[in-house]
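See below for the structure under consideration.
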Amino acid sequence: MSLTLRTISREQHLAYIQSLPAASHMQVPAWADVKAEWRSESLGWFDDKSGEMVGAGLVLYRQLPKIKRYLAYLPEGPVINWFAPNLTEWLDPMLAHLKRQGAFSVKMGPPVFIRRWEATSIKRGIQDPDVKRLRDIEADFIEPRAFEVADKLRRMGWQQGEDGGAGFGDVQPRYVYQVPLANRSLEDVHKGFNQLWRRNIKKAEKAGVEVVQGGYQDLEEWQRLYEITALRDHFRPRPLAYFQRMWTALNSEDPNRMRLYFARHEGVNLSAATMLVVGGHVWYSYGASDNIGREVRPSNAMQWRMLRDAYALGATVYDLRGISDSLDETDHLFGLIQFKVGTGGQAAEYLGEWDFPLNKLLHKALDMYMSRR
């Protein structure tokens, strides 16, 4: 297949995404409005023979301080045929185009997974004192073509950091936790939960926890719970304006793109979450909870409701997003994987993020600057 790459309109980009079974929420055109501090561009790949669009990518450009050169970033993209035998014919024109646009370095995150581990295998791993990381457990499923993709990228000059590509800004998780929904009944999904999860869902029901959907006007209440969470878990929260922008941008593109949920008990909101939808892929995106009312298990009730809603939307996967690959019980992130493993589901490892230095000197300077931060 011979291909041509060119800038496309947002309408063309969105039409292409809508024609697919799913794509990352960071590759829809509206994501550019969420990331307002970046300049953006939509790229399309066209088959020269038929003239039809066969791939798309959202590029975010971040300017370097003091000079007019940019880092070009394609989060969880581009959306192309990653298993095409001629990967260079897809990526070389992209690099040439981005260089003309003033990029000194390109970062991308191929949406290609390498391995999957079932919950039962992870539980066994957690109980084994010799197992420290997910990688120490034999995977239940391996995608051999992913290794070929990685090999091709290396031969083309793409690089990956020691830590799987951590480098600049919004680095996406390499390990995620997903509950597959395709060809399963809700009863089967519920059966997949561990005993503790099922017990907690029942407990919340008995206590009268109700889960409701909120709208734009409820984002201030979301922010209140989110900032309580940030204080407790020692991270820097995003400002309210970010979530307001996210809501407006994503739901203007598709009224069902972003949802907001609250779990409340006796009229008090105890936990909240945002949910994102692109085709058959649904993400639990941000979560928040109060320090009170934990005994009525609001978070379990909320996840079960979100899962049921994802199922009703016809989703093939409910994605609980990032996990650490550490299975060490003393690790501060261990509780996160423990909570997610309770859903049954699977851990998945993606190829991670890759960098292409178009200007080696500036790329190195950026790396040094980032490692000092």
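FYI, nothing fancy with the structure tokens labels: chains A, B, ... in order, residues from 1 per chain, ligands from 1 as they appear.
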Can I get the residues of stretch 25-131 of chain A within 12 Å of stretch 189-208 of chain A, each with the closest pair of atoms and their distance in Å to one decimal, using only C-alpha atoms, sorted chain first then ascending number, as CSV?
```
residue,atom,partner,partner_atom,distance
A:Glu118,CA,A:Gly192,CA,10.8
A:Ala119,CA,A:Gly192,CA,9.1
A:Thr120,CA,A:Asn194,CA,9.9
A:Lys123,CA,A:Asn194,CA,10.5
```
Would you please extract all alpha helix (DSSP H) residues from stretch 211-254 of chain A, as assigned by DSSP on the backbone, and give them as a list of chain:residue names?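 Listing alpha helix (DSSP H) positions across stretch 211-254 of chain A yields A:Leu219, A:Glu220, A:Glu221, A:Trp222, A:Gln223, A:Arg224, A:Leu225, A:Tyr226, A:Glu227, A:Ile228, A:Thr229, A:Ala230, A:Leu231, A:Arg232, A:Asp233, A:Leu240, A:Ala241, A:Tyr242, A:Phe243, A:Gln244, A:Arg245, A:Met246, A:Trp247, A:Thr248, A:Ala249, A:Leu250, A:Asn251, A:Ser252, A:Glu253.
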A:Glu76: which residues within 7 Å, counting only C-alpha atoms, same-chain residues fewer than 6 positions away excluded, as a ChimeraX atom specification? /A:24,26-27,108-111
Based on the selection just made, write N, CA and C atoms of those residues as a PDB file, in the first residue's frame.
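result.pdb, freshly written:
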```pdb
ATOM      1  N   SER A  24      -8.264   5.434  21.492  1.00  0.00           N
ATOM      2  CA  SER A  24      -8.005   6.082  22.775  1.00  0.00           C
ATOM      3  C   SER A  24      -8.736   7.418  22.858  1.00  0.00           C
ATOM      4  N   MET A  26      -7.552   9.885  24.038  1.00  0.00           N
ATOM      5  CA  MET A  26      -6.547  10.930  23.824  1.00  0.00           C
ATOM      6  C   MET A  26      -6.241  11.119  22.344  1.00  0.00           C
ATOM      7  N   GLN A  27      -6.966  10.379  21.497  1.00  0.00           N
ATOM      8  CA  GLN A  27      -6.773  10.520  20.055  1.00  0.00           C
ATOM      9  C   GLN A  27      -8.025  11.051  19.364  1.00  0.00           C
ATOM     10  N   MET A 108       5.479   9.123  21.000  1.00  0.00           N
ATOM     11  CA  MET A 108       4.195   8.497  20.669  1.00  0.00           C
ATOM     12  C   MET A 108       3.983   7.272  21.554  1.00  0.00           C
ATOM     13  N   GLY A 109       2.744   6.819  21.631  1.00  0.00           N
ATOM     14  CA  GLY A 109       2.409   5.650  22.451  1.00  0.00           C
ATOM     15  C   GLY A 109       1.607   4.656  21.638  1.00  0.00           C
ATOM     16  N   PRO A 110       2.277   3.742  20.936  1.00  0.00           N
ATOM     17  CA  PRO A 110       1.534   2.775  20.124  1.00  0.00           C
ATOM     18  C   PRO A 110       0.473   2.039  20.955  1.00  0.00           C
ATOM     19  N   PRO A 111      -0.801   2.059  20.522  1.00  0.00           N
ATOM     20  CA  PRO A 111      -1.842   1.354  21.285  1.00  0.00           C
ATOM     21  C   PRO A 111      -1.814  -0.149  20.999  1.00  0.00           C
TER      22      PRO A 111
END
```
If we count only C-alpha atoms, what is near A:Ala273 at a cut-off of 7 Å, once residues fewer than 3 positions away on the same chain are taken out, given as an NGL selection string? :A and (260-262 or 286-288)
Which residues in stretch 98-231 of chain A does DSSP call strand (DSSP E)? List them as number ranges by chain. A: 103-108, 113-118, 141-142, 175-180, 210-214
Counting only C-alpha atoms, give me one row per residue of stretch 96-115 of chain A with an atom at most 8 Å from an atom of stretch 138-144 of chain A, showing the shortest contact pair and its distance in Å to one decimal, sorted by chain then residue number, as CSV.
```
residue,atom,partner,partner_atom,distance
A:Phe113,CA,A:Glu143,CA,7.0
A:Ile114,CA,A:Glu143,CA,5.1
A:Arg115,CA,A:Ile142,CA,4.5
```
Requested write-out: N, CA, C and O atoms of the selected residues, as a CSV table (one decimal), in the first residue's frame:
```
chain,number,residue,atom,x,y,z
A,113,PHE,N,-0.8,-3.9,22.7
A,113,PHE,CA,-0.4,-4.6,24.0
A,113,PHE,C,0.4,-5.8,23.7
A,113,PHE,O,0.4,-6.4,22.7
A,114,ILE,N,1.3,-6.1,24.7
A,114,ILE,CA,2.2,-7.2,24.6
A,114,ILE,C,1.7,-8.4,25.3
A,114,ILE,O,1.7,-9.5,24.8
A,115,ARG,N,1.3,-8.2,26.6
A,115,ARG,CA,1.0,-9.3,27.4
A,115,ARG,C,-0.3,-9.0,28.2
A,115,ARG,O,-0.6,-7.9,28.5
```
When distances are computed from only C-alpha atoms, which of A:Gly157, A:Pro237, A:Gly215, A:Pro21 shows the smallest separation from A:Val79?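 Under the stated criterion, the closest residue is A:Pro21.
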Pick out the closest residue to A:Arg174 from this set: A:Val112, A:Gln18, A:Gly335, A:Met156. Count only C-alpha atoms. A:Val112
Shell around stretch 348-364 of chain A at 8 Å using only C-alpha atoms, local window under 4 positions removed, as a PyMOL selection string: chain A and resi 99+103-117+146+150+157-161+164-166+171-178+368
re atom CA of A:Tyr61 and atom CA of A:Gly280: distance 28.3 Å
Gap from atom CA of A:Leu134 to atom CA of A:Gly344 - Å, one decimal: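 Interatomic distance here is 15.9 Å.
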Quick one: residues within 8 Å of stretch 46-51 of chain A, only C-alpha atoms counted, chain neighbours fewer than 4 positions away excluded, as a list in words?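 Listed by chain and then number, they are Met1, Ser2, Leu3, Thr4, Leu5 and Gly55 of chain A.
Using only C-alpha atoms, the residues found no farther than 12 Å from A:His234, other than those of its own chain fewer than 5 positions away, are A:Tyr226, A:Glu227, A:Ile228, A:Thr229, A:His332, A:Leu333.
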Using all heavy atoms, can you write the selected residues to a file as a tab-separated table (two decimals), in the first residue's frame?
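The result, written out as part.tsv:
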```
chain	number	residue	atom	x	y	z
A	226	TYR	N	-12.24	15.32	45.13
A	226	TYR	CA	-10.96	15.07	44.47
A	226	TYR	C	-9.81	15.71	45.25
A	226	TYR	O	-8.74	15.12	45.40
A	226	TYR	CB	-11.06	15.61	43.04
A	226	TYR	CG	-9.81	15.58	42.21
A	226	TYR	CD1	-9.16	14.39	41.90
A	226	TYR	CD2	-9.29	16.77	41.68
A	226	TYR	CE1	-8.02	14.38	41.10
A	226	TYR	CE2	-8.17	16.77	40.87
A	226	TYR	CZ	-7.53	15.57	40.60
A	226	TYR	OH	-6.41	15.57	39.80
A	227	GLU	N	-10.04	16.90	45.79
A	227	GLU	CA	-8.98	17.57	46.55
A	227	GLU	C	-8.75	16.90	47.91
A	227	GLU	O	-7.62	16.88	48.41
A	227	GLU	CB	-9.27	19.07	46.68
A	227	GLU	CG	-9.02	19.77	45.35
A	227	GLU	CD	-9.27	21.27	45.35
A	227	GLU	OE1	-9.45	21.84	46.44
A	227	GLU	OE2	-9.28	21.86	44.25
A	228	ILE	N	-9.80	16.34	48.49
A	228	ILE	CA	-9.65	15.55	49.73
A	228	ILE	C	-8.76	14.34	49.43
A	228	ILE	O	-7.85	14.00	50.18
A	228	ILE	CB	-11.03	15.07	50.26
A	228	ILE	CG1	-11.83	16.27	50.81
A	228	ILE	CG2	-10.86	14.00	51.34
A	228	ILE	CD1	-13.29	15.96	51.15
A	229	THR	N	-9.01	13.70	48.28
A	229	THR	CA	-8.24	12.52	47.85
A	229	THR	C	-6.77	12.89	47.62
A	229	THR	O	-5.86	12.16	48.04
A	229	THR	CB	-8.83	11.94	46.55
A	229	THR	OG1	-10.24	11.78	46.72
A	229	THR	CG2	-8.22	10.60	46.18
A	332	HIS	N	3.67	1.63	47.87
A	332	HIS	CA	2.51	2.50	48.13
A	332	HIS	C	1.41	2.36	47.07
A	332	HIS	O	0.28	2.75	47.28
A	332	HIS	CB	2.96	3.96	48.29
A	332	HIS	CG	3.38	4.61	47.01
A	332	HIS	ND1	4.52	4.26	46.34
A	332	HIS	CD2	2.79	5.59	46.27
A	332	HIS	CE1	4.62	4.99	45.24
A	332	HIS	NE2	3.60	5.80	45.17
A	333	LEU	N	1.76	1.81	45.90
A	333	LEU	CA	0.76	1.64	44.84
A	333	LEU	C	0.13	0.25	44.83
A	333	LEU	O	-0.71	-0.05	44.00
A	333	LEU	CB	1.39	1.92	43.47
A	333	LEU	CG	1.74	3.40	43.19
A	333	LEU	CD1	2.58	3.52	41.94
A	333	LEU	CD2	0.49	4.26	43.09
```
Which residue is closest to A:Pro180? Choose from A:Glu221, A:Asp151, A:Asp319, A:Asp290 and count only C-alpha atoms.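 Among the listed residues, the smallest separation from A:Pro180 belongs to A:Asp319.
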Choose the residue, out of A:Arg257, A:His265, A:His97, A:Arg184, that has the smallest atom-to-atom separation from A:Tyr311; count only C-alpha atoms.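 Ranked by minimum distance to A:Tyr311, first place goes to A:Arg184.
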Residue among A:Tyr70, A:Phe147, A:Trp222, A:Phe243 lying closest to A:Val34, counting only C-alpha atoms: A:Phe243
